[in-house]
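Next comes start_26.json, with JSON, C-alpha atoms and all ligand atoms.
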```json
[["chain", "number", "residue", "atom", "x", "y", "z"],
["A", 1, "MET", "CA", -60.69, -15.90, -37.49],
["A", 2, "ILE", "CA", -61.86, -18.15, -34.69],
["A", 3, "ALA", "CA", -58.50, -18.36, -32.99],
["A", 4, "MET", "CA", -57.32, -14.90, -33.69],
["A", 5, "SER", "CA", -59.99, -12.81, -32.11],
["A", 6, "LEU", "CA", -58.97, -13.84, -28.62],
["A", 7, "LEU", "CA", -56.22, -11.41, -27.94],
["A", 8, "ARG", "CA", -56.45, -7.68, -27.56],
["A", 9, "GLY", "CA", -54.52, -5.39, -29.97],
["A", 10, "ARG", "CA", -50.92, -6.54, -29.84],
["A", 11, "SER", "CA", -47.58, -5.90, -31.45],
["A", 12, "ILE", "CA", -45.66, -9.11, -30.73],
["A", 13, "PRO", "CA", -46.20, -11.63, -33.53],
["A", 14, "ALA", "CA", -48.09, -14.86, -33.00],
["A", 15, "ASP", "CA", -46.19, -18.02, -33.99],
["A", 16, "TYR", "CA", -47.52, -20.09, -36.88],
["A", 17, "ILE", "CA", -46.40, -23.32, -38.49],
["A", 18, "VAL", "CA", -47.19, -23.63, -42.19],
["A", 19, "SER", "CA", -47.24, -27.37, -42.72],
["A", 20, "GLY", "CA", -49.76, -27.72, -45.54],
["A", 21, "TYR", "CA", -52.68, -26.20, -47.41],
["A", 22, "TRP", "CA", -54.90, -25.51, -44.39],
["A", 23, "SER", "CA", -52.25, -23.93, -42.18],
["A", 24, "TRP", "CA", -51.05, -21.94, -45.19],
["A", 25, "LYS", "CA", -54.58, -20.56, -45.55],
["A", 26, "SER", "CA", -54.75, -19.59, -41.89],
["A", 27, "VAL", "CA", -51.83, -17.13, -42.03],
["A", 28, "PRO", "CA", -53.40, -14.31, -44.10],
["A", 29, "GLU", "CA", -56.53, -14.64, -41.97],
["A", 30, "ALA", "CA", -54.49, -14.19, -38.80],
["A", 31, "GLN", "CA", -52.59, -11.26, -40.34],
["A", 32, "ARG", "CA", -55.83, -9.30, -40.59],
["A", 33, "GLU", "CA", -55.74, -9.14, -36.81],
["A", 34, "GLY", "CA", -52.05, -8.68, -36.01],
["A", 35, "PRO", "CA", -48.47, -9.64, -36.88],
["A", 36, "VAL", "CA", -47.61, -13.27, -37.51],
["A", 37, "ARG", "CA", -44.24, -15.02, -37.49],
["A", 38, "VAL", "CA", -44.05, -18.22, -39.51],
["A", 39, "ILE", "CA", -41.62, -20.34, -37.52],
["A", 40, "TRP", "CA", -41.56, -23.19, -40.05],
["A", 41, "ASN", "CA", -42.75, -23.42, -43.63],
["A", 42, "GLY", "CA", -42.85, -26.65, -45.60],
["A", 43, "GLU", "CA", -44.01, -25.04, -48.85],
["A", 44, "ALA", "CA", -40.62, -25.07, -50.61],
["A", 45, "SER", "CA", -40.29, -28.82, -50.06],
["A", 46, "GLY", "CA", -43.80, -29.47, -51.39],
["A", 47, "PHE", "CA", -45.41, -30.05, -47.98],
["A", 48, "ASN", "CA", -44.32, -33.66, -47.81],
["A", 49, "CYS", "CA", -42.98, -33.68, -44.27],
["A", 50, "LEU", "CA", -43.40, -31.98, -40.90],
["A", 51, "PRO", "CA", -40.79, -30.24, -38.77],
["A", 52, "SER", "CA", -38.84, -32.10, -36.13],
["A", 53, "GLU", "CA", -38.74, -30.48, -32.69],
["A", 54, "GLY", "CA", -35.17, -29.22, -33.25],
["A", 55, "GLU", "CA", -36.30, -27.18, -36.26],
["A", 56, "LEU", "CA", -38.79, -25.15, -34.26],
["A", 57, "ASN", "CA", -37.80, -21.97, -32.55],
["A", 58, "TYR", "CA", -40.85, -20.93, -30.53],
["A", 59, "GLY", "CA", -41.10, -17.33, -29.34],
["A", 60, "SER", "CA", -41.35, -17.33, -25.55],
["A", 61, "ASP", "CA", -43.37, -14.09, -25.52],
["A", 62, "ALA", "CA", -45.65, -14.87, -28.50],
["A", 63, "PRO", "CA", -49.30, -14.09, -27.69],
["A", 64, "TYR", "CA", -50.23, -17.52, -29.00],
["A", 65, "PHE", "CA", -48.95, -20.39, -31.12],
["A", 66, "HIS", "CA", -51.09, -21.91, -33.88],
["A", 67, "TYR", "CA", -50.82, -25.14, -35.82],
["A", 68, "VAL", "CA", -52.96, -27.67, -37.70],
["A", 69, "SER", "CA", -52.72, -31.16, -36.19],
["A", 70, "ASN", "CA", -53.68, -33.00, -39.38],
["A", 71, "GLU", "CA", -53.10, -31.59, -42.84],
["A", 72, "THR", "CA", -56.06, -33.08, -44.67],
["A", 73, "VAL", "CA", -54.86, -32.32, -48.20],
["A", 74, "GLU", "CA", -51.28, -33.59, -47.99],
["A", 75, "GLY", "CA", -51.93, -36.41, -45.51],
["A", 76, "LEU", "CA", -49.53, -35.18, -42.81],
["A", 77, "GLN", "CA", -50.27, -35.54, -39.12],
["A", 78, "PHE", "CA", -48.38, -34.48, -36.02],
["A", 79, "HIS", "CA", -48.03, -37.46, -33.72],
["A", 80, "ARG", "CA", -46.88, -35.32, -30.82],
["A", 81, "LEU", "CA", -47.97, -32.20, -29.00],
["A", 82, "LEU", "CA", -46.43, -28.99, -30.36],
["A", 83, "GLY", "CA", -45.61, -25.70, -28.69],
["A", 84, "THR", "CA", -44.66, -24.84, -25.15],
["A", 85, "ASP", "CA", -46.93, -24.72, -22.12],
["A", 86, "GLY", "CA", -46.05, -21.06, -21.44],
["A", 87, "VAL", "CA", -47.63, -19.79, -24.68],
["A", 88, "PRO", "CA", -51.34, -20.33, -25.42],
["A", 89, "ARG", "CA", -51.52, -23.31, -27.76],
["A", 90, "ILE", "CA", -54.19, -23.06, -30.46],
["A", 91, "CYS", "CA", -54.91, -25.89, -32.84],
["A", 92, "ASP", "CA", -57.10, -26.55, -35.86],
["A", 93, "MET", "CA", -58.14, -30.17, -35.31],
["A", 94, "SER", "CA", -60.78, -30.21, -38.02],
["A", 95, "SER", "CA", -59.65, -33.43, -39.58],
["A", 96, "ASP", "CA", -58.48, -35.44, -36.60],
["A", 97, "LEU", "CA", -60.49, -34.45, -33.52],
["A", 98, "LEU", "CA", -61.77, -37.65, -31.85],
["A", 99, "CYS", "CA", -59.43, -39.90, -33.84],
["A", 100, "ARG", "CA", -57.33, -40.35, -30.66],
["A", 101, "PRO", "CA", -57.12, -38.95, -27.14],
["A", 102, "VAL", "CA", -55.62, -35.44, -26.81],
["A", 103, "PRO", "CA", -54.44, -33.70, -23.63],
["A", 104, "SER", "CA", -57.07, -30.99, -23.98],
["A", 105, "HIS", "CA", -56.03, -29.26, -20.74],
["A", 106, "ARG", "CA", -52.77, -28.27, -22.46],
["A", 107, "PHE", "CA", -54.54, -26.34, -25.21],
["A", 108, "ALA", "CA", -55.75, -22.77, -24.85],
["A", 109, "LEU", "CA", -58.13, -23.34, -27.74],
["A", 110, "MET", "CA", -58.97, -26.26, -30.01],
["A", 111, "TYR", "CA", -61.35, -25.92, -32.91],
["A", 112, "ALA", "CA", -62.74, -28.32, -35.47],
["A", 113, "HIS", "CA", -65.50, -28.38, -37.99],
["A", 114, "ALA", "CA", -67.85, -31.32, -37.63],
["A", 115, "GLN", "CA", -67.73, -32.92, -41.03],
["A", 116, "LYS", "CA", -64.88, -35.40, -40.61],
["A", 117, "ASN", "CA", -65.10, -37.46, -37.42],
["A", 118, "LEU", "CA", -67.96, -35.72, -35.66],
["A", 119, "GLY", "CA", -71.06, -35.51, -37.82],
["A", 120, "PRO", "CA", -72.55, -33.50, -40.69],
["A", 121, "SER", "CA", -71.22, -30.08, -41.69],
["A", 122, "GLY", "CA", -72.83, -27.02, -40.18],
["A", 123, "ALA", "CA", -71.42, -27.13, -36.66],
["A", 124, "THR", "CA", -67.99, -26.09, -35.37],
["A", 125, "VAL", "CA", -66.62, -27.31, -32.06],
["A", 126, "VAL", "CA", -64.57, -24.80, -30.07],
["A", 127, "ILE", "CA", -63.00, -25.87, -26.79],
["A", 128, "LEU", "CA", -61.31, -22.99, -25.03],
["A", 129, "ARG", "CA", -59.80, -22.15, -21.69],
["A", 130, "GLU", "CA", -62.30, -19.94, -19.96],
["A", 131, "ASP", "CA", -59.76, -17.56, -18.45],
["A", 132, "LEU", "CA", -58.64, -16.51, -21.96],
["A", 133, "VAL", "CA", -61.85, -14.64, -22.64],
["A", 134, "ARG", "CA", -61.17, -12.23, -19.79],
["A", 135, "ASP", "CA", -58.57, -10.44, -21.93],
["A", 136, "MET", "CA", -60.54, -10.57, -25.13],
["A", 137, "ARG", "CA", -60.94, -7.57, -27.34],
["A", 138, "ARG", "CA", -64.18, -5.71, -26.76],
["A", 139, "ASP", "CA", -64.67, -4.46, -30.32],
["A", 140, "LEU", "CA", -65.57, -7.77, -31.96],
["A", 141, "PRO", "CA", -68.68, -8.60, -33.94],
["A", 142, "ALA", "CA", -70.96, -10.58, -31.62],
["A", 143, "MET", "CA", -70.53, -13.91, -33.40],
["A", 144, "LEU", "CA", -66.73, -13.76, -32.91],
["A", 145, "ASP", "CA", -67.02, -12.85, -29.25],
["A", 146, "TYR", "CA", -66.60, -16.02, -27.22],
["A", 147, "ARG", "CA", -67.68, -14.24, -24.04],
["A", 148, "LEU", "CA", -71.17, -14.03, -25.48],
["A", 149, "HIS", "CA", -71.19, -17.70, -26.50],
["A", 150, "LEU", "CA", -70.05, -18.71, -23.02],
["A", 151, "GLU", "CA", -72.54, -16.46, -21.28],
["A", 152, "HIS", "CA", -75.33, -17.96, -23.38],
["A", 153, "GLY", "CA", -74.30, -21.60, -22.95],
["A", 154, "SER", "CA", -73.39, -21.89, -26.66],
["A", 155, "ILE", "CA", -76.87, -20.90, -27.82],
["A", 156, "TYR", "CA", -76.36, -17.18, -28.38],
["A", 157, "ASN", "CA", -77.56, -17.67, -31.96],
["A", 158, "THR", "CA", -79.95, -20.33, -33.23],
["A", 159, "PRO", "CA", -77.82, -23.50, -33.25],
["A", 160, "PRO", "CA", -77.87, -26.05, -36.08],
["A", 161, "VAL", "CA", -79.82, -28.59, -34.07],
["A", 162, "PHE", "CA", -79.58, -31.53, -36.46],
["A", 163, "PRO", "CA", -75.73, -31.61, -36.77],
["A", 164, "ILE", "CA", -75.44, -31.16, -33.00],
["A", 165, "TYR", "CA", -77.84, -34.06, -32.42],
["A", 166, "VAL", "CA", -75.81, -36.29, -34.76],
["A", 167, "ILE", "CA", -72.63, -35.31, -32.89],
["A", 168, "LEU", "CA", -74.34, -36.46, -29.70],
["A", 169, "LEU", "CA", -75.10, -39.84, -31.31],
["A", 170, "VAL", "CA", -71.55, -40.14, -32.66],
["A", 171, "THR", "CA", -69.98, -39.41, -29.29],
["A", 172, "ARG", "CA", -72.29, -41.96, -27.63],
["A", 173, "TRP", "CA", -71.29, -44.51, -30.30],
["A", 174, "LEU", "CA", -67.62, -43.76, -29.64],
["A", 175, "ARG", "CA", -68.07, -44.29, -25.92],
["A", 176, "SER", "CA", -70.36, -47.29, -25.78],
["A", 177, "GLU", "CA", -69.77, -49.22, -29.00],
["A", 178, "ILE", "CA", -66.14, -48.43, -29.83],
["A", 179, "GLY", "CA", -65.08, -48.27, -26.18],
["A", 180, "GLY", "CA", -63.58, -44.77, -26.03],
["A", 181, "LEU", "CA", -60.86, -42.79, -27.73],
["A", 182, "GLU", "CA", -57.99, -45.11, -26.76],
["A", 183, "LYS", "CA", -59.78, -47.88, -28.62],
["A", 184, "MET", "CA", -60.63, -45.62, -31.56],
["A", 185, "CYS", "CA", -56.96, -44.67, -31.72],
["A", 186, "GLU", "CA", -55.87, -48.34, -31.91],
["A", 187, "ILE", "CA", -58.42, -49.05, -34.64],
["A", 188, "ASN", "CA", -57.37, -45.98, -36.67],
["A", 189, "CYS", "CA", -53.69, -46.78, -36.32],
["A", 190, "ARG", "CA", -54.26, -50.36, -37.54],
["A", 191, "LYS", "CA", -56.40, -49.19, -40.49],
["A", 192, "ALA", "CA", -53.72, -46.73, -41.59],
["A", 193, "GLU", "CA", -50.91, -49.25, -41.17],
["A", 194, "ARG", "CA", -52.73, -51.72, -43.43],
["A", 195, "LEU", "CA", -53.13, -49.22, -46.21],
["A", 196, "TYR", "CA", -49.61, -47.80, -45.93],
["A", 197, "SER", "CA", -48.23, -51.33, -46.04],
["A", 198, "VAL", "CA", -49.91, -51.82, -49.43],
["A", 199, "LEU", "CA", -48.09, -48.72, -50.69],
["A", 200, "ASP", "CA", -44.78, -49.75, -49.14],
["A", 201, "SER", "CA", -44.89, -53.30, -50.46],
["A", 202, "SER", "CA", -45.89, -52.30, -53.99],
["A", 203, "GLY", "CA", -42.30, -52.10, -55.23],
["A", 204, "GLY", "CA", -42.80, -48.49, -56.31],
["A", 205, "PHE", "CA", -46.10, -49.02, -58.16],
["A", 206, "TYR", "CA", -47.78, -46.83, -55.52],
["A", 207, "ALA", "CA", -45.93, -44.01, -53.76],
["A", 208, "GLY", "CA", -47.10, -42.32, -50.57],
["A", 209, "ARG", "CA", -46.73, -38.51, -50.51],
["A", 210, "ALA", "CA", -45.85, -38.00, -46.85],
["A", 211, "ALA", "CA", -42.57, -38.82, -45.13],
["A", 212, "ALA", "CA", -43.11, -42.10, -43.27],
["A", 213, "ARG", "CA", -42.81, -40.63, -39.76],
["A", 214, "ASP", "CA", -45.36, -37.88, -40.52],
["A", 215, "ARG", "CA", -48.01, -40.01, -42.18],
["A", 216, "SER", "CA", -51.59, -39.19, -41.35],
["A", 217, "TRP", "CA", -53.89, -41.90, -40.00],
["A", 218, "MET", "CA", -56.83, -39.98, -41.41],
["A", 219, "ASN", "CA", -55.79, -39.14, -44.98],
["A", 220, "VAL", "CA", -53.55, -41.39, -47.03],
["A", 221, "ALA", "CA", -52.31, -39.33, -49.99],
["A", 222, "PHE", "CA", -50.51, -41.25, -52.73],
["A", 223, "ASN", "CA", -49.73, -41.51, -56.42],
["A", 224, "ILE", "CA", -49.38, -44.27, -58.94],
["A", 225, "HIS", "CA", -45.89, -44.32, -60.38],
["A", 226, "ASP", "CA", -47.38, -44.20, -63.88],
["A", 227, "ARG", "CA", -49.64, -41.14, -63.43],
["A", 228, "LYS", "CA", -51.62, -42.08, -66.53],
["A", 229, "LEU", "CA", -53.11, -44.98, -64.56],
["A", 230, "GLU", "CA", -54.64, -42.75, -61.91],
["A", 231, "SER", "CA", -57.83, -41.96, -63.82],
["A", 232, "LEU", "CA", -58.30, -45.66, -64.62],
["A", 233, "PHE", "CA", -57.74, -46.43, -60.92],
["A", 234, "LEU", "CA", -60.48, -43.96, -60.01],
["A", 235, "SER", "CA", -62.99, -45.32, -62.51],
["A", 236, "ASP", "CA", -62.29, -48.98, -61.58],
["A", 237, "ALA", "CA", -62.62, -48.04, -57.92],
["A", 238, "GLU", "CA", -65.92, -46.25, -58.54],
["A", 239, "THR", "CA", -67.30, -49.33, -60.32],
["A", 240, "LEU", "CA", -66.63, -51.33, -57.18],
["A", 241, "GLY", "CA", -68.20, -48.70, -54.92],
["A", 242, "PHE", "CA", -65.07, -46.90, -53.66],
["A", 243, "ARG", "CA", -65.84, -43.19, -53.99],
["A", 244, "GLY", "CA", -63.95, -39.98, -53.24],
["A", 245, "LEU", "CA", -60.48, -41.38, -53.84],
["A", 246, "GLU", "CA", -59.27, -38.44, -55.91],
["A", 247, "GLY", "CA", -56.68, -36.17, -54.30],
["A", 248, "HIS", "CA", -57.51, -32.59, -53.34],
["A", 249, "ARG", "CA", -57.87, -30.33, -56.40],
["A", 250, "THR", "CA", -54.75, -28.35, -55.43],
["A", 251, "ILE", "CA", -52.36, -31.31, -55.63],
["A", 252, "GLY", "CA", -54.16, -34.03, -57.59],
["A", 253, "GLY", "CA", -53.12, -37.65, -57.20],
["A", 254, "LEU", "CA", -55.10, -40.01, -54.99],
["A", 255, "ARG", "CA", -56.25, -39.85, -51.39],
["A", 256, "ALA", "CA", -58.05, -42.32, -49.19],
["A", 257, "SER", "CA", -59.62, -40.77, -46.11],
["A", 258, "LEU", "CA", -59.92, -43.18, -43.20],
["A", 259, "TYR", "CA", -62.05, -41.19, -40.79],
["A", 260, "ASN", "CA", -63.56, -42.90, -37.74],
["A", 261, "ALA", "CA", -66.64, -44.00, -39.66],
["A", 262, "ILE", "CA", -64.57, -46.06, -42.14],
["A", 263, "THR", "CA", -64.53, -49.63, -40.87],
["A", 264, "PRO", "CA", -61.46, -51.91, -40.86],
["A", 265, "GLU", "CA", -63.40, -54.14, -43.29],
["A", 266, "ALA", "CA", -63.77, -51.25, -45.74],
["A", 267, "VAL", "CA", -60.02, -50.60, -45.52],
["A", 268, "ASP", "CA", -59.32, -54.29, -46.15],
["A", 269, "ALA", "CA", -61.57, -54.18, -49.21],
["A", 270, "LEU", "CA", -59.71, -51.13, -50.52],
["A", 271, "CYS", "CA", -56.34, -52.82, -49.91],
["A", 272, "SER", "CA", -57.50, -55.89, -51.87],
["A", 273, "PHE", "CA", -58.70, -53.71, -54.74],
["A", 274, "MET", "CA", -55.38, -51.86, -54.80],
["A", 275, "LYS", "CA", -53.33, -55.06, -54.84],
["A", 276, "ASP", "CA", -55.52, -56.44, -57.58],
["A", 277, "PHE", "CA", -55.23, -53.22, -59.60],
["A", 278, "GLN", "CA", -51.46, -53.41, -59.30],
["A", 279, "ALA", "CA", -51.40, -57.06, -60.39],
["A", 280, "ARG", "CA", -53.39, -56.14, -63.48],
["A", 281, "HIS", "CA", -51.33, -53.10, -64.44],
["A", 282, "ALA", "CA", -47.75, -53.58, -63.20],
["A", 283, "GLU", "CA", -45.33, -54.02, -66.10],
["A", 301, "LIG", "C1", -57.77, -29.00, -41.28],
["A", 301, "LIG", "C2", -58.86, -28.19, -41.95],
["A", 301, "LIG", "N1", -59.08, -26.93, -41.54],
["A", 301, "LIG", "C3", -60.05, -26.18, -42.10],
["A", 301, "LIG", "C4", -60.83, -26.66, -43.12],
["A", 301, "LIG", "C5", -61.93, -25.79, -43.70],
["A", 301, "LIG", "O1", -63.14, -26.26, -43.23],
["A", 301, "LIG", "P1", -64.54, -25.60, -43.63],
["A", 301, "LIG", "O2", -64.75, -25.93, -45.07],
["A", 301, "LIG", "O3", -65.53, -26.27, -42.73],
["A", 301, "LIG", "O4", -64.38, -24.14, -43.38],
["A", 301, "LIG", "C6", -60.64, -27.96, -43.58],
["A", 301, "LIG", "C7", -61.47, -28.53, -44.67],
["A", 301, "LIG", "O5", -61.43, -29.69, -44.99],
["A", 301, "LIG", "C8", -59.64, -28.75, -42.97],
["A", 301, "LIG", "O6", -59.43, -30.02, -43.37]]
```

So that I can check it, write out the structure of this file as structure tokens.
Amino acid sequence: MIAMSLLRGRSIPADYIVSGYWSWKSVPEAQREGPVRVIWNGEASGFNCLPSEGELNYGSDAPYFHYVSNETVEGLQFHRLLGTDGVPRICDMSSDLLCRPVPSHRFALMYAHAQKNLGPSGATVVILREDLVRDMRRDLPAMLDYRLHLEHGSIYNTPPVFPIYVILLVTRWLRSEIGGLEKMCEINCRKAERLYSVLDSSGGFYAGRAAARDRSWMNVAFNIHDRKLESLFLSDAETLGFRGLEGHRTIGGLRASLYNAITPEAVDALCSFMKDFQARHAE
């Protein structure tokens, strides 16, 4: 609902890309507010790749265009900016905000929950172009009315102070210890490359879900060729202290999330475990 409340009653559909579970969930929400045109849908092909630019036919008069920059469940990430500058660009960046620099001035609205790269759950970051609120509907419940949040300096309601404080510490850490988002981006890219190279050099023992060009740096979703080994993989991993490697309940399989807080050393340890597991179980 966050993105959709911006525009006054309208008849021209908003453009949506359905590239995975989270963008798929956003469409019925948006339809409560007005018509939606899905300009690309990866559902039929099992959400294992993202559209190339040539496959996208953006509406030049759409009231806004919405996409999800990183599909957390399937491990797909756009490594380019989508949309056109003439149509307000709205993006759910819940699972990759702060993993790399983004040209925020080219977005009408970016939103992200905190609990991936930012801090604990309970806070949502919304970055929006101030001029958009001028045309906002007037009949919204107060909490969905960004004018009110802006007028009150983001403390219209009682804010969750602890998550916001942790986000402050995390952003300071990013700036002073990591050295900024360019640096974070290099680190994340290297971490992901290491793990994907274990999949790619496994001779088919492990198989990544996402098409190589659309691989997420944040969520590495994969399977073991012999699916029966996946539960053993999870229990061996748990014994060694690697937790949360099961895939999302909707698709199963395995998933390693490499958010900013995961160190390169932790990724190296996971890679070693995976190679060792393969050596023990490959036929
Ligand atoms: C990209 C994306 N959007 C939305 C959500 C939903 O977030 P929440 O549970 O904070 O509503 C998630 C959850 O992981 C997500 O990864």

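Among the candidates A:Pro101, A:Thr84, A:Asp61, A:Gln278, the residue lying nearest to Glu182 (chain A) is A:Pro101 (atoms considered: all atoms listed in the file).
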
Residue nearest Val27 (chain A) among A:Ala14, A:Val102, A:Ile224, A:Ala282 (counting all atoms listed in the file): A:Ala14

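When CA of Ile262 (chain A) is paired with atom O5 of ligand LIG 301 (chain A), their separation reads 16.9 Å.
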
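CA of Ser26 (chain A) lies 13.8 Å from CA of Trp40 (chain A).
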
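With distances restricted to only C-alpha atoms and all ligand atoms, A:Tyr259 is the closest residue to ligand LIG 301 (chain A) from A:Tyr206, A:Tyr58, A:Tyr196, A:Tyr259.
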
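Minimum distance to Val166 (chain A) across A:Glu71, A:Gly20, A:Ala256, A:Asn117 (counting all atoms listed in the file) occurs at A:Asn117.
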
Kindly assemble as CSV a list of the chain A residues that lie within 12 Å of ligand LIG 301 (chain A), each paired with its nearest atom pair and their distance in Å to one decimal, using all atoms listed in the file, sorted first by chain and then by ascending residue number.
```
residue,atom,partner,partner_atom,distance
A:Met1,CA,A:LIG301,O4,10.8
A:Ile2,CA,A:LIG301,O4,10.9
A:Val18,CA,A:LIG301,C1,11.9
A:Ser19,CA,A:LIG301,C1,10.8
A:Gly20,CA,A:LIG301,C1,9.2
A:Tyr21,CA,A:LIG301,C1,8.4
A:Trp22,CA,A:LIG301,N1,5.3
A:Ser23,CA,A:LIG301,N1,7.5
A:Trp24,CA,A:LIG301,N1,10.1
A:Lys25,CA,A:LIG301,C3,8.6
A:Ser26,CA,A:LIG301,C3,8.5
A:Tyr67,CA,A:LIG301,C1,9.6
A:Val68,CA,A:LIG301,C1,6.1
A:Ser69,CA,A:LIG301,C1,7.5
A:Asn70,CA,A:LIG301,C1,6.0
A:Glu71,CA,A:LIG301,C1,5.6
A:Thr72,CA,A:LIG301,O6,4.7
A:Val73,CA,A:LIG301,O6,7.0
A:Glu74,CA,A:LIG301,O6,10.0
A:Gly75,CA,A:LIG301,O6,10.1
A:Leu76,CA,A:LIG301,C1,10.4
A:Gln77,CA,A:LIG301,C1,10.2
A:Cys91,CA,A:LIG301,C1,9.4
A:Asp92,CA,A:LIG301,C1,6.0
A:Met93,CA,A:LIG301,C1,6.1
A:Ser94,CA,A:LIG301,C1,4.6
A:Ser95,CA,A:LIG301,O6,5.1
A:Asp96,CA,A:LIG301,C1,8.0
A:Leu97,CA,A:LIG301,C1,9.9
A:Met110,CA,A:LIG301,N1,11.5
A:Tyr111,CA,A:LIG301,N1,9.0
A:Ala112,CA,A:LIG301,N1,7.2
A:His113,CA,A:LIG301,O3,5.2
A:Ala114,CA,A:LIG301,O3,7.5
A:Gln115,CA,A:LIG301,O3,7.2
A:Lys116,CA,A:LIG301,O5,8.0
A:Asn117,CA,A:LIG301,O6,11.1
A:Gly119,CA,A:LIG301,O3,11.8
A:Pro120,CA,A:LIG301,O3,10.3
A:Ser121,CA,A:LIG301,O3,6.9
A:Gly122,CA,A:LIG301,O3,7.8
A:Ala123,CA,A:LIG301,O3,8.5
A:Thr124,CA,A:LIG301,O3,7.8
A:Val125,CA,A:LIG301,O3,10.8
A:Ser216,CA,A:LIG301,C1,11.9
A:Met218,CA,A:LIG301,O6,10.5
A:Asn219,CA,A:LIG301,O6,10.0
A:His248,CA,A:LIG301,O5,9.7
A:Arg249,CA,A:LIG301,O5,12.0
A:Ser257,CA,A:LIG301,O6,11.1
A:Tyr259,CA,A:LIG301,O6,11.8
```

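Considering the residues A:Glu186, A:Asp214, A:Asp236, A:Asp200 and counting all atoms listed in the file, Asn260 (chain A) has its shortest atom-to-atom contact with A:Glu186.
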
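Among the candidates A:His66, A:Arg129, A:Arg100, A:His105, the one nearest to Leu174 (chain A) when counting all atoms listed in the file is A:Arg100.
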
Distance of CA of Arg32 (chain A) from CA of Arg134 (chain A), expressed in Å to one decimal place: 21.7 Å

Would you list the contacts of Leu232 (chain A) as a tab-separated table (two decimals) with C-alpha atoms, keeping the file's coordinate frame, taking every protein, DNA or RNA residue within 12 Å and counting all atoms listed in the file, but skipping same-chain residues closer than 5 positions in sequence?
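Final output, saved to out_38.tsv:
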```tsv
chain	number	residue	atom	x	y	z
A	224	ILE	CA	-49.38	-44.27	-58.94
A	226	ASP	CA	-47.38	-44.20	-63.88
A	227	ARG	CA	-49.64	-41.14	-63.43
A	237	ALA	CA	-62.62	-48.04	-57.92
A	238	GLU	CA	-65.92	-46.25	-58.54
A	239	THR	CA	-67.30	-49.33	-60.32
A	245	LEU	CA	-60.48	-41.38	-53.84
A	246	GLU	CA	-59.27	-38.44	-55.91
A	254	LEU	CA	-55.10	-40.01	-54.99
A	274	MET	CA	-55.38	-51.86	-54.80
A	277	PHE	CA	-55.23	-53.22	-59.60
A	278	GLN	CA	-51.46	-53.41	-59.30
A	280	ARG	CA	-53.39	-56.14	-63.48
A	281	HIS	CA	-51.33	-53.10	-64.44
```

Who sits within 10 Å of Gly83 (chain A), all atoms listed in the file, same chain under 3 positions skipped, as a count of residues only: 19

Could you complete region 107-116 of chain A so that it carries N, CA, C and O atoms, and give it back as a JSON list (two decimals), in the frame of the given file?
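So the final result, stored in out.json, reads:
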```
[["chain", "number", "residue", "atom", "x", "y", "z"],
["A", 107, "PHE", "N", -54.22, -27.26, -24.10],
["A", 107, "PHE", "CA", -54.54, -26.34, -25.21],
["A", 107, "PHE", "C", -55.31, -25.14, -24.66],
["A", 107, "PHE", "O", -56.20, -25.29, -23.82],
["A", 108, "ALA", "N", -54.97, -23.95, -25.19],
["A", 108, "ALA", "CA", -55.75, -22.77, -24.85],
["A", 108, "ALA", "C", -57.05, -22.82, -25.64],
["A", 108, "ALA", "O", -58.12, -22.45, -25.15],
["A", 109, "LEU", "N", -56.94, -23.29, -26.88],
["A", 109, "LEU", "CA", -58.13, -23.34, -27.74],
["A", 109, "LEU", "C", -57.94, -24.42, -28.80],
["A", 109, "LEU", "O", -56.89, -24.51, -29.44],
["A", 110, "MET", "N", -58.95, -25.27, -28.93],
["A", 110, "MET", "CA", -58.97, -26.26, -30.01],
["A", 110, "MET", "C", -60.23, -25.99, -30.82],
["A", 110, "MET", "O", -61.27, -25.69, -30.23],
["A", 111, "TYR", "N", -60.13, -26.08, -32.12],
["A", 111, "TYR", "CA", -61.35, -25.92, -32.91],
["A", 111, "TYR", "C", -61.38, -26.94, -34.04],
["A", 111, "TYR", "O", -60.34, -27.40, -34.51],
["A", 112, "ALA", "N", -62.60, -27.31, -34.42],
["A", 112, "ALA", "CA", -62.74, -28.32, -35.47],
["A", 112, "ALA", "C", -64.13, -28.21, -36.08],
["A", 112, "ALA", "O", -65.11, -28.06, -35.35],
["A", 113, "HIS", "N", -64.17, -28.27, -37.39],
["A", 113, "HIS", "CA", -65.50, -28.38, -37.99],
["A", 113, "HIS", "C", -65.99, -29.81, -37.77],
["A", 113, "HIS", "O", -65.21, -30.70, -37.42],
["A", 114, "ALA", "N", -67.28, -30.02, -37.99],
["A", 114, "ALA", "CA", -67.85, -31.32, -37.63],
["A", 114, "ALA", "C", -67.64, -32.40, -38.69],
["A", 114, "ALA", "O", -67.60, -33.59, -38.38],
["A", 115, "GLN", "N", -67.47, -31.97, -39.95],
["A", 115, "GLN", "CA", -67.73, -32.92, -41.03],
["A", 115, "GLN", "C", -66.65, -33.95, -41.36],
["A", 115, "GLN", "O", -66.57, -34.43, -42.47],
["A", 116, "LYS", "N", -65.83, -34.31, -40.37],
["A", 116, "LYS", "CA", -64.88, -35.40, -40.61],
["A", 116, "LYS", "C", -65.23, -36.55, -39.65],
["A", 116, "LYS", "O", -65.83, -37.52, -40.06]]
```
